[in-house]
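Novice: The following block contains the structure, expressed as structure tokens.
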Amino acid sequence: MKIRIGLIGNQNSGKTTLFNQLTGSNQHVGNFPGVTVEGKTGFIKPGFFKGEEFSGLSIEAELVDLPGIYSLSPYTSEEIVTRDFLTAGHPDAVINILDATNIERNLYLTLQLMEMQIPMVVALNMMDEVRNAGNSIDVQALEKELGIDVVPISASKGEGVSELAQRAAVAATRRKKPGNLDFCEGPVHQAIHSIAHLIDDHAAAAGLPLRFAATKLVEGDKPVLDRLRLNENEQDILGHIVNEMESALDTDREAALADMRYAYIARITKDTVHRHSRTKEQIRSVKIDNILTHRIFAIPIFLGIMALIFYLTFGLVGAALSDWFSMGIDWITGAVDRALYAYGLNPLVHSLIINGIFAGVGSVLSFMPTILVLFFFLAILEDSGYMARVAFVMDTLLRHIGLSGKSFVPMLIGFGCSVPAIMASRTLSSRRDKKLTVFILPFMSCSAKLPVYALFTAAFFPENAAAVMIMLYIGGMIVAVLAALLLRNTIFRGKPVPFVLELPAYRLPSFASMALNIGEKARDFLTRAFTVICAASVVIWFLTTLDIRLNIVSSPENSMLASVGTFLSPVFKPLGFGDWRISTALITGLTAKEAVVSTLAVLMGTGTGVDLQSALTAFISPAAALSFMVFVLLYMPCVAALAVTRREIGRRNAAAAMLFQTGTAWVVAYVVYHIACAVGM
């Protein structure tokens, strides 16, 4: 038997943690909003379906992890994704996960889901924190009030997860719909039931649950109104019903419905939720927030934390690990080189393997420890809940440049990779905010650029590597701010939308979650190194070994690639790096920014480590090296990011974004180069 179950809840309610427990999936768990941008799917482990209820049955349960939302109103992309799944995805059941430490707010979404008349089970998550605080929830009484199954769980510890899976499967197979729908009273009650009589036939024809459609019309939900196709007379009656309700309550339609739901929630929680004190996590979070979200000290603390992370990553810890890793790669390269000589392999094939594949891939792999160390520290900040505070603190600053704190989440993800960062921009409610954010996102230095920085800082600024790295990262953010100010006052005029953010309680980072996060980054890095980078290295080797007549050249300057690089080099000459090899590296960097390093390694006929660094210092100056790093920091991202940008904001906007980013990179690199020359670098 195949069933499909949706996993739905508020942000930071523990959805992805529960998803991992149920499916065994390695989905990343984050402690700030925006982790789940699109629905992720997996299959519930068959081991959960045991006992008399499932004897003789073989159940294949697909689980869909949907974005965190607070309501089913179509105001944000997350709400639209979730609502489309419920109305068009035909789930057999829904698991609604609630944060039991903040049950009143979480139940608001529950009431809306009940109106969808889809079989559902409520999962009360974080019950261990409720018990530890001396509080309790009468689960049986809550079940009776709601008319649906309620299962207490602790997703992070795996408690109650097996029972939840079984209850969800039973609800799906037996089509157990919510039993209590009539939880309204007064003028709202009259309006909903009057509208229900008016639209009964239309709702059936549109395939919408009657109660859901009626309440959405009370709210003024235009997509639902369009689907129902009411005639002019029916729309007039609808308007009259809503106006009568608003007059009777002396409030607007949306507030009337929200007040009704929260009044019902207050009634049922009064007798079912017994709260004596806040949880230890909540008390601890308030004390920490007095410091970390301080009006004056919050941003300096954040900058200090990031400076410490960069120092440990590029100075104390990451550099040493990369040096050892590089030594290992050099040893393997040398061993393979000697073995191929001893075997007597054809010199051309020998050169392809050593000077092409090993030089290109090895030069990139040597920086993997540095990247993983950086992600380790960022995972600690993310899983602890600190990054949500940074978004809150940054809201005031971002509003000065025309954005809200919600844009900080994609910008933060951009330090890892531009592709998911651009995808995360779909969580922004405003189309204007989304476009403006996508335009400046590539200025956040992604991890793919780290090998370039590490190579050039080690070659030209070995004693100040960490300082140069910090300057690059902060410089990218400064350019993003200036670019946003320019765009806000020109093509993206307007005000940012209001920003609502829940601050989750601080929690100790989960070792398992961090291991999954870092393992995922390592896997992505290795996959890219042995696919895109390897293929690019082979292509570059061929283009530098052969001329346009496919003859082997005596010098790379006579190769096909040199012709292309020489044609473009005048564009970069004012920036200090007019050599054709540099121009070529920037072009191949569009496939993946790590390819810049592998390209230089192949073009210069060197391997990894000191040889490549020495070769670089022989033909460009420190000022040109700094200018080059700035250009790599700011110019258009890889083709994968370009494809996602086109999908999110359209072809014209994507082309404009790429031109804007590359033009900005050229101007800033030009200024940096001439300032560096003026100070004698």
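Residue numbers start at 1 in each chain; chains themselves are named A, B, ... in the order of the structure tokens; ligands are numbered from 1 in the order shown.
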Give me the residues within 10 Å of A:Thr173 as a VMD selection string, counting only C-alpha atoms and dropping any in the same chain fewer than 5 places off.
Specialist: chain A and resid 1 to 3 59 92 to 93 119 167 to 168
Novice: Just how far from atom CA of A:Val121 is atom CA of A:Glu104, in Å to one decimal?
Specialist: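 These two atoms are separated by 17.0 Å.
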Novice: Considering only C-alpha atoms, return as a ChimeraX atom specification whatever protein or nucleic-acid residues lie within 12 Å of A:Met306, sequence-local ones (same chain, fewer than 2 positions apart) excluded.
Specialist: /A:299-304,308-314,374,377-378,381,387,390,466-467,469-471,473-474
Novice: Pick the closest to A:Leu217 from A:Ile265, A:Phe392, A:Arg507, A:Ser73: which is it, counting only C-alpha atoms?
Specialist: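 Among the listed residues, A:Ser73 lies closest to A:Leu217.
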Novice: Just want the 9 Å neighbourhood of A:Val597, counted on only C-alpha atoms, with same-chain residues fewer than 2 positions away dropped. Output as a PDB file with N, CA, C and O atoms, in the first residue's frame.
Specialist:
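Generated file (part.pdb):
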ATOM      1  N   GLY A 360      45.223  19.847 -11.735  1.00  0.00           N
ATOM      2  CA  GLY A 360      43.973  20.595 -11.601  1.00  0.00           C
ATOM      3  C   GLY A 360      43.172  20.191 -10.385  1.00  0.00           C
ATOM      4  O   GLY A 360      42.824  21.032  -9.548  1.00  0.00           O
ATOM      5  N   SER A 363      45.162  20.637  -6.923  1.00  0.00           N
ATOM      6  CA  SER A 363      45.302  22.012  -6.457  1.00  0.00           C
ATOM      7  C   SER A 363      44.046  22.480  -5.731  1.00  0.00           C
ATOM      8  O   SER A 363      44.111  23.296  -4.813  1.00  0.00           O
ATOM      9  N   VAL A 364      42.889  21.960  -6.122  1.00  0.00           N
ATOM     10  CA  VAL A 364      41.634  22.328  -5.466  1.00  0.00           C
ATOM     11  C   VAL A 364      41.432  21.519  -4.184  1.00  0.00           C
ATOM     12  O   VAL A 364      41.043  22.046  -3.138  1.00  0.00           O
ATOM     13  N   PRO A 451      39.387  28.475  -2.209  1.00  0.00           N
ATOM     14  CA  PRO A 451      40.681  28.017  -2.732  1.00  0.00           C
ATOM     15  C   PRO A 451      41.466  29.121  -3.441  1.00  0.00           C
ATOM     16  O   PRO A 451      42.693  29.162  -3.359  1.00  0.00           O
ATOM     17  N   VAL A 452      40.750  30.025  -4.123  1.00  0.00           N
ATOM     18  CA  VAL A 452      41.430  31.138  -4.806  1.00  0.00           C
ATOM     19  C   VAL A 452      42.071  32.060  -3.774  1.00  0.00           C
ATOM     20  O   VAL A 452      43.249  32.426  -3.885  1.00  0.00           O
ATOM     21  N   LEU A 455      45.067  30.352  -2.009  1.00  0.00           N
ATOM     22  CA  LEU A 455      46.253  30.282  -2.867  1.00  0.00           C
ATOM     23  C   LEU A 455      46.968  31.634  -2.931  1.00  0.00           C
ATOM     24  O   LEU A 455      48.185  31.723  -2.723  1.00  0.00           O
ATOM     25  N   ALA A 585      41.707  31.772 -16.708  1.00  0.00           N
ATOM     26  CA  ALA A 585      41.257  31.227 -15.422  1.00  0.00           C
ATOM     27  C   ALA A 585      39.925  31.836 -15.009  1.00  0.00           C
ATOM     28  O   ALA A 585      39.055  31.147 -14.447  1.00  0.00           O
ATOM     29  N   GLY A 589      36.439  29.882 -14.487  1.00  0.00           N
ATOM     30  CA  GLY A 589      35.824  30.053 -13.174  1.00  0.00           C
ATOM     31  C   GLY A 589      34.318  30.151 -13.228  1.00  0.00           C
ATOM     32  O   GLY A 589      33.644  30.001 -12.202  1.00  0.00           O
ATOM     33  N   LYS A 593      33.980  28.225  -9.319  1.00  0.00           N
ATOM     34  CA  LYS A 593      35.044  29.155  -8.936  1.00  0.00           C
ATOM     35  C   LYS A 593      36.338  28.430  -8.546  1.00  0.00           C
ATOM     36  O   LYS A 593      37.429  28.971  -8.702  1.00  0.00           O
ATOM     37  N   GLU A 594      36.240  27.187  -8.074  1.00  0.00           N
ATOM     38  CA  GLU A 594      37.457  26.435  -7.761  1.00  0.00           C
ATOM     39  C   GLU A 594      38.300  26.182  -9.005  1.00  0.00           C
ATOM     40  O   GLU A 594      39.509  25.959  -8.919  1.00  0.00           O
ATOM     41  N   ALA A 595      37.629  26.205 -10.173  1.00  0.00           N
ATOM     42  CA  ALA A 595      38.337  25.938 -11.429  1.00  0.00           C
ATOM     43  C   ALA A 595      39.384  26.998 -11.732  1.00  0.00           C
ATOM     44  O   ALA A 595      40.289  26.757 -12.541  1.00  0.00           O
ATOM     45  N   THR A 599      42.827  25.731 -13.153  1.00  0.00           N
ATOM     46  CA  THR A 599      43.247  26.259 -14.456  1.00  0.00           C
ATOM     47  C   THR A 599      44.653  26.839 -14.377  1.00  0.00           C
ATOM     48  O   THR A 599      45.501  26.569 -15.248  1.00  0.00           O
ATOM     49  N   LEU A 600      44.909  27.650 -13.357  1.00  0.00           N
ATOM     50  CA  LEU A 600      46.248  28.231 -13.196  1.00  0.00           C
ATOM     51  C   LEU A 600      47.296  27.145 -13.011  1.00  0.00           C
ATOM     52  O   LEU A 600      48.411  27.235 -13.533  1.00  0.00           O
ATOM     53  N   ALA A 601      46.938  26.087 -12.274  1.00  0.00           N
ATOM     54  CA  ALA A 601      47.884  24.996 -12.056  1.00  0.00           C
ATOM     55  C   ALA A 601      48.242  24.298 -13.367  1.00  0.00           C
ATOM     56  O   ALA A 601      49.409  23.974 -13.621  1.00  0.00           O
ATOM     57  N   VAL A 602      47.213  24.092 -14.212  1.00  0.00           N
ATOM     58  CA  VAL A 602      47.460  23.422 -15.493  1.00  0.00           C
ATOM     59  C   VAL A 602      48.235  24.338 -16.441  1.00  0.00           C
ATOM     60  O   VAL A 602      49.200  23.918 -17.095  1.00  0.00           O
TER      61      VAL A 602
END
Novice: Write out as a PyMOL selection string all residues of stretch 94-211 of chain A that backbone DSSP assigns to alpha helix (DSSP H).
Specialist: chain A and resi 103-115+127-132+139-146+161-174+186-206+210-211
Novice: Within 12 Å of A:Glu244, counting only C-alpha atoms, which residues show up once you throw out same-chain ones fewer than 5 positions away? Write them as a list of chain:residue names, please.
Specialist: A:Gly186, A:Pro187, A:Val188, A:Gln190, A:Ala191, A:Ile192, A:Ser194, A:Val218, A:Ile237, A:Leu238, A:Gly239, A:Leu249, A:Asp250, A:Thr251, A:Asp252, A:Arg253, A:Ala256
Novice: By how many Å are atom CA of A:Leu225 and atom CA of A:Ala213 apart?
Specialist: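 Result for atom CA of A:Leu225 versus atom CA of A:Ala213: 8.3 Å, one decimal.
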Novice: Mind pulling up the distance from atom CA of A:Val224 to atom CA of A:Ala263?
Specialist: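 These two atoms are separated by 25.1 Å.
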Novice: Within 7 Å of stretch 538-544 of chain A, counting only C-alpha atoms, which residues show up once you throw out same-chain ones fewer than 2 positions away? Write them as a ChimeraX atom specification, please.
Specialist: /A:352,356-357,534-536,546,556,559-561,599,602-603
Novice: Can those selected residues be exported to a file as a short mmCIF file (atom, residue, chain, number, x, y, z; two decimals), in the first residue's frame so that it contains N, CA, C and O atoms?
Specialist:
data_model
loop_
_atom_site.label_atom_id
_atom_site.label_comp_id
_atom_site.auth_asym_id
_atom_site.auth_seq_id
_atom_site.Cartn_x
_atom_site.Cartn_y
_atom_site.Cartn_z
N LEU A 352 48.85 14.36 -19.60
CA LEU A 352 47.43 14.56 -19.32
C LEU A 352 47.11 14.19 -17.87
O LEU A 352 46.41 14.93 -17.17
N GLY A 356 47.52 17.57 -16.14
CA GLY A 356 46.12 17.93 -16.33
C GLY A 356 45.27 17.58 -15.13
O GLY A 356 44.88 18.44 -14.34
N ILE A 357 45.04 16.27 -14.93
CA ILE A 357 44.10 15.83 -13.89
C ILE A 357 44.67 16.06 -12.49
O ILE A 357 44.03 16.70 -11.64
N CYS A 534 37.53 18.22 -12.62
CA CYS A 534 38.32 17.25 -13.38
C CYS A 534 38.09 17.43 -14.89
O CYS A 534 39.05 17.46 -15.67
N ALA A 535 36.81 17.58 -15.27
CA ALA A 535 36.51 17.76 -16.70
C ALA A 535 37.12 19.06 -17.21
O ALA A 535 37.70 19.10 -18.31
N ALA A 536 37.01 20.12 -16.41
CA ALA A 536 37.58 21.41 -16.82
C ALA A 536 39.09 21.31 -16.96
O ALA A 536 39.68 21.88 -17.90
N LEU A 546 47.38 21.73 -27.51
CA LEU A 546 47.18 21.68 -28.95
C LEU A 546 46.91 23.07 -29.52
O LEU A 546 46.37 23.95 -28.83
N PRO A 556 52.78 26.77 -24.21
CA PRO A 556 51.36 27.09 -24.05
C PRO A 556 50.96 28.40 -24.73
O PRO A 556 49.80 28.59 -25.08
N SER A 559 49.07 27.90 -27.96
CA SER A 559 47.92 27.00 -27.92
C SER A 559 46.62 27.72 -28.27
O SER A 559 46.56 28.95 -28.38
N MET A 560 45.57 26.90 -28.43
CA MET A 560 44.24 27.46 -28.70
C MET A 560 43.77 28.35 -27.56
O MET A 560 43.20 29.43 -27.79
N LEU A 561 43.98 27.90 -26.36
CA LEU A 561 43.51 28.65 -25.20
C LEU A 561 44.21 29.99 -25.09
O LEU A 561 43.61 30.99 -24.68
N THR A 599 42.83 25.73 -13.15
CA THR A 599 43.25 26.26 -14.46
C THR A 599 44.65 26.84 -14.38
O THR A 599 45.50 26.57 -15.25
N VAL A 602 47.21 24.09 -14.21
CA VAL A 602 47.46 23.42 -15.49
C VAL A 602 48.23 24.34 -16.44
O VAL A 602 49.20 23.92 -17.10
N LEU A 603 47.82 25.60 -16.51
CA LEU A 603 48.46 26.53 -17.45
C LEU A 603 49.92 26.78 -17.12
O LEU A 603 50.73 27.04 -18.01
#
Novice: When distances are computed from only C-alpha atoms, which of A:Thr41, A:Ser598, A:Ser156, A:Ser621 shows the smallest separation from A:Gly578?
Specialist: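 Going through A:Thr41, A:Ser598, A:Ser156, A:Ser621 one by one, the smallest distance to A:Gly578 is for A:Ser621.
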Novice: When distances are computed from only C-alpha atoms, which of A:Phe577, A:Phe85, A:Tyr386, A:Phe212 shows the smallest separation from A:Ala298?
Specialist: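 Of the candidates, the smallest distance to A:Ala298 is held by A:Tyr386.
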